[in-house]
Amino acid sequence: LTLLGIESSCDDTAAAVVRAGAQGGEILSSRVVSQADLHAAFGGVVPEIAARAHAEKLDIVVEQALAEAGVALGALDAIAVTSGPGLIGGVISGVMCARGLALGSGLPLVGVNHLAGHALTPRLTDGLEFPYLMLLVSGGHCQFLIVSGPDDFTRLGGTIDDAPGEAFDKTARLLGLPQPGGPAVEAEAAQGDGTRFRFPRPLLDRPGCDMSFSGLKTALLRARDACMAEAGGLRRQDRADLCAGFQDAVAAVLAEKSRRAITAYLALAPAAPALAVAGGVAANGPIRARLQALCDETGLTFTAPPLRLCTDNAAMIAWAGIETLRAGVDPTPEQLVARPRWPLDSGATPMLGSGK
Ligand code: ATP
Ligand code: FE
């Protein structure tokens with residue numbers, strides 16, 4: 001199977017061609033055009049600007065992906081497109097583009113849940129066996145999932161407020177560091193003492209896998225102001241120590257909640273127990289190291305796909321399309337309803353008219 005994947009649910013316009021292999025998949029091409037500079041002046045993604053930019057860029061990105069892969073449209077087996085969740089204007093742009101291509105070429109069309117794309121990535125890169133445990137930790141999401149099949153996800157818990165990536169970004173803003181905040185805070189933290197400030201580790205006293213990160217920024221703001229009042233400005237070392245303390249708190253919460261998720265997951269007696277991480281925050285060195293140590297201790301394989309496949313891309317959409325087709329889902333066009341919200345554990349197959 002060789003599929004074209006199309007992704008436009010946030011601020012990246014992406015297209016990719018992926019071929020199914022014996023184990024995992026082969027990425028023949030993967031193009032990602034970021035709109036970040038278009039939105040930079042507004043301090044966040046502007047939906048109308050995003051939708052228009054997707055509509056302008058989709059054709060060319062698709063053309064480039066096909067050319068780079070050396071595959072003609074007619075040689076594909078199907079087209080997969082993100083049909084939710086996301087900013088609805090962007091999702092509609094992608095779905096319209098995919099529908100046009102499918103109608104013109106007579107190819108089947110598969111609607112893919114963007115989060116399923118992220119969650120199935122370790123199967124594309126490492127051929128991970130079902131069921132595996134997934135920690136999806138990005139700018140907009142933070143959740144534990146047991147992935148038992150391409151359309152079978154059990155959510156064990158997740159953040160009840162901010163996502164960790166968002167917390168990294170806010171921390172960077174509060175400390176005058178550049179965006180995206182994650183890499184900047186990580187670099188500062190490497191120079192700092194993580195034990196000087198002890199930031200809250202919310203919900204650790206409660207059972208389950210739910211997490212909270214919004215209180216962290218309030219604590220950080222208070223500590224920053226105390227430092228500034230004392231020194232008449234933010235000293236370099238204070239900033240580094242604040243970053244280290246913040247990162248340590250996030251890592252501690254993710255590790256402790258992962259421990260609980262692992263216990264729940266191991267109750268399923270998986271043949272090849274594995275924890276996979278995905279999302280931008282999975283790029284963080286100290287966070288990865290803690291999860292790796294936890295896996296070593298509990299006998300799990302730890303998998304972290306390369307960063308370009310952790311953040312938004314279309315290779316994961318093409319791959320999820322391959323998995324969906326293999327599972328025997330009928331790729332009918334009426335499945336293709338663009339959905340702004342689409343919880344993973346409601347089933348990865350799009351349902352008509354349900355905007356849950
Ligand atoms: P989503 O995919 O959930 O809709 P998104 O597209 O914003 O959200 P990603 O692109 O997966 O998320 O990740 C971006 C986030 O990852 C940003 O918040 C960024 O600060 C964070 N991030 C990137 N690198 C690091 C790092 N080294 N440490 C911590 N966070 C990081
Ligand atoms: Fe994403």
# chains A, B, ... in the order shown; residues from 1 in each chain; ligands from 1

$ residues_near_ligand --ligand "ligand 2" --cutoff "12 Å" --atoms "only C-alpha atoms and all ligand atoms" --output "ChimeraX atom specification"
/A:7-14,82,84-87,113-119,121,136-142,165,278-281,307-314,316-317

$ write_last_selection --atoms "N, CA and C atoms" --output "compact mmCIF listing (two decimals), in the first residue's frame"
# COMPACT_ATOMS: atom_id res chain seq x y z
N GLU A 7 -2.25 17.01 5.76
CA GLU A 7 -2.48 17.51 7.12
C GLU A 7 -2.57 19.04 7.10
N SER A 8 -3.64 19.58 7.73
CA SER A 8 -3.80 21.04 7.76
C SER A 8 -4.66 21.46 8.95
N SER A 9 -4.51 20.76 10.09
CA SER A 9 -5.44 21.01 11.20
C SER A 9 -5.01 22.13 12.12
N CYS A 10 -3.75 22.58 11.98
CA CYS A 10 -3.32 23.68 12.85
C CYS A 10 -2.56 24.70 12.01
N ASP A 11 -1.28 24.90 12.25
CA ASP A 11 -0.55 25.92 11.49
C ASP A 11 0.56 25.34 10.62
N ASP A 12 0.49 24.05 10.33
CA ASP A 12 1.42 23.45 9.38
C ASP A 12 0.63 22.87 8.21
N THR A 13 1.06 23.22 6.99
CA THR A 13 0.48 22.60 5.81
C THR A 13 1.43 21.49 5.40
N ALA A 14 0.93 20.24 5.37
CA ALA A 14 1.85 19.14 5.14
C ALA A 14 1.27 18.09 4.21
N THR A 82 -6.38 14.46 7.29
CA THR A 82 -6.85 14.77 8.63
C THR A 82 -8.25 15.37 8.53
N GLY A 84 -10.08 15.90 11.39
CA GLY A 84 -10.32 16.48 12.71
C GLY A 84 -9.39 15.84 13.71
N PRO A 85 -9.32 16.25 14.96
CA PRO A 85 -9.82 17.53 15.43
C PRO A 85 -8.83 18.64 15.06
N GLY A 86 -9.29 19.87 15.14
CA GLY A 86 -8.40 20.99 14.81
C GLY A 86 -9.19 22.24 14.50
N LEU A 87 -8.50 23.25 14.00
CA LEU A 87 -9.16 24.48 13.59
C LEU A 87 -9.98 24.16 12.35
N ASN A 113 -8.12 10.74 12.14
CA ASN A 113 -8.07 11.55 13.35
C ASN A 113 -6.62 11.97 13.57
N HIS A 114 -6.40 13.28 13.68
CA HIS A 114 -5.05 13.82 13.84
C HIS A 114 -4.32 13.19 15.03
N LEU A 115 -5.06 13.00 16.13
CA LEU A 115 -4.45 12.42 17.33
C LEU A 115 -4.10 10.95 17.12
N ALA A 116 -4.92 10.25 16.32
CA ALA A 116 -4.58 8.86 15.97
C ALA A 116 -3.28 8.85 15.17
N GLY A 117 -3.09 9.85 14.33
CA GLY A 117 -1.84 9.98 13.57
C GLY A 117 -0.65 10.03 14.52
N HIS A 118 -0.72 10.92 15.53
CA HIS A 118 0.36 11.01 16.52
C HIS A 118 0.53 9.68 17.24
N ALA A 119 -0.60 9.10 17.66
CA ALA A 119 -0.55 7.92 18.53
C ALA A 119 -0.05 6.67 17.80
N THR A 121 2.23 6.76 15.33
CA THR A 121 3.57 7.02 14.78
C THR A 121 4.63 5.98 15.19
N LEU A 136 1.18 11.19 24.96
CA LEU A 136 1.15 12.23 23.93
C LEU A 136 1.27 13.56 24.65
N VAL A 137 2.39 14.24 24.43
CA VAL A 137 2.66 15.43 25.24
C VAL A 137 3.19 16.55 24.34
N SER A 138 2.30 17.52 24.05
CA SER A 138 2.63 18.53 23.05
C SER A 138 2.21 19.91 23.51
N GLY A 139 2.10 20.82 22.53
CA GLY A 139 1.69 22.18 22.85
C GLY A 139 0.22 22.26 23.21
N GLY A 140 -0.58 21.33 22.69
CA GLY A 140 -2.02 21.40 22.92
C GLY A 140 -2.59 20.19 23.63
N HIS A 141 -1.79 19.16 23.81
CA HIS A 141 -2.33 17.92 24.37
C HIS A 141 -1.42 17.30 25.41
N CYS A 142 -2.00 16.53 26.29
CA CYS A 142 -1.24 15.75 27.26
C CYS A 142 -2.13 14.63 27.73
N GLY A 165 3.57 21.68 26.95
CA GLY A 165 4.23 22.54 25.97
C GLY A 165 3.81 23.99 26.13
N ALA A 278 5.19 10.94 22.19
CA ALA A 278 5.09 11.72 20.96
C ALA A 278 4.69 13.14 21.34
N GLY A 279 4.83 14.07 20.42
CA GLY A 279 4.53 15.47 20.70
C GLY A 279 5.81 16.24 20.95
N GLY A 280 5.77 17.55 20.80
CA GLY A 280 6.97 18.38 20.87
C GLY A 280 7.74 18.26 22.17
N VAL A 281 7.03 18.08 23.28
CA VAL A 281 7.70 18.03 24.58
C VAL A 281 8.55 16.77 24.72
N LEU A 307 12.08 13.90 16.23
CA LEU A 307 11.25 15.09 16.49
C LEU A 307 10.39 15.50 15.29
N ARG A 308 10.93 15.37 14.08
CA ARG A 308 10.15 15.82 12.91
C ARG A 308 8.90 14.96 12.73
N LEU A 309 8.89 13.76 13.34
CA LEU A 309 7.69 12.92 13.28
C LEU A 309 6.86 13.03 14.55
N CYS A 310 7.41 13.70 15.58
CA CYS A 310 6.65 13.94 16.82
C CYS A 310 5.75 15.16 16.65
N THR A 311 6.26 16.18 15.97
CA THR A 311 5.46 17.38 15.73
C THR A 311 4.61 17.13 14.47
N ASP A 312 3.72 18.09 14.18
CA ASP A 312 2.75 17.87 13.11
C ASP A 312 3.42 17.60 11.76
N ASN A 313 2.92 16.58 11.08
CA ASN A 313 3.45 16.17 9.78
C ASN A 313 2.38 15.34 9.08
N ALA A 314 2.58 15.05 7.80
CA ALA A 314 1.57 14.29 7.06
C ALA A 314 1.94 12.82 6.91
N MET A 316 2.53 10.81 9.29
CA MET A 316 1.73 10.08 10.29
C MET A 316 0.28 9.94 9.84
N ILE A 317 -0.20 10.87 9.03
CA ILE A 317 -1.58 10.80 8.53
C ILE A 317 -1.67 9.72 7.45

$ select_by_dssp --residues "range 87-298 of chain A" --states "strand (DSSP E or B)" --output "NGL selection string"
:A and (109-113 or 132-137 or 142-149 or 152-159 or 211 or 274-278)

$ residues_around --residues "Asp248 in chain A" --least-positions-apart "2" --cutoff "10 Å" --atoms "only C-alpha atoms" --output "list in words"
Ala189, Asp193, Gly194, Thr195, Phe197, Arg198, Phe199, Arg201, Leu242, Cys243, Ala244, Gly245, Phe246, Val250, Ala251, Ala252, Val253, Leu254, Pro286 and Ile287 of chain A

$ select_by_dssp --residues "range 179-229 of chain A" --states "alpha helix (DSSP H)" --output "number ranges by chain"
A: 181-189, 214-229

$ atom_distance --atom1 "CA of Gly104 in chain A" --atom2 "CA of Ala50 in chain A"
25.6 Å

$ atom_distance --atom1 "CA of Val18 in chain A" --atom2 "CA of Val91 in chain A"
20.6 Å

$ residues_around --residues "range 232-237 of chain A" --least-positions-apart "4" --cutoff "10 Å" --atoms "only C-alpha atoms" --output "PyMOL selection string"
chain A and resi 175-176+188-189+191-193+224-228+241-243

$ closest_residue --among "A:Leu145, A:Leu66, A:Ala172, A:Val33" --to "ligand 1" --atoms "only C-alpha atoms and all ligand atoms"
A:Ala172

$ closest_residue --among "A:Asp205, A:Asp77, A:Glu166, A:Asp37" --to "ligand 1" --atoms "only C-alpha atoms and all ligand atoms"
A:Glu166

$ closest_residue --among "A:Ala15, A:Ala267, A:Leu124, A:Leu344" --to "Arg155 in chain A" --atoms "only C-alpha atoms"
A:Leu344

$ residues_around --residues "range 20-30 of chain A" --least-positions-apart "3" --cutoff "8 Å" --atoms "only C-alpha atoms" --output "count of residues only"
21

$ closest_residue --among "A:Pro207, A:Gly299, A:Gly215, A:Gly157" --to "Asp345 in chain A" --atoms "only C-alpha atoms"
A:Gly157

$ atom_distance --atom1 "atom 9 (P, counted along the ligand's line) of ligand 1" --atom2 "CA of Ala282 in chain A"
9.2 Å

$ closest_residue --among "A:Val185, A:Ala72, A:Leu133, A:Leu266" --to "ligand 1" --atoms "only C-alpha atoms and all ligand atoms"
A:Val185

$ closest_residue --among "A:Ser34, A:Thr298, A:Thr159, A:Ser258" --to "Phe213 in chain A" --atoms "only C-alpha atoms"
A:Thr159

$ residues_around --residues "Ala327 in chain A" --least-positions-apart "6" --cutoff "10 Å" --atoms "only C-alpha atoms" --output "PDB file with C-alpha atoms, in the first residue's frame"
ATOM      1  CA  GLY A 149      -5.514  -1.098  17.437  1.00  0.00           C
ATOM      2  CA  PRO A 150      -5.760   1.607  14.755  1.00  0.00           C
ATOM      3  CA  ASP A 151      -9.257   2.385  16.012  1.00  0.00           C
ATOM      4  CA  GLY A 321      -4.615   5.842   6.640  1.00  0.00           C
TER       5      GLY A 321
END
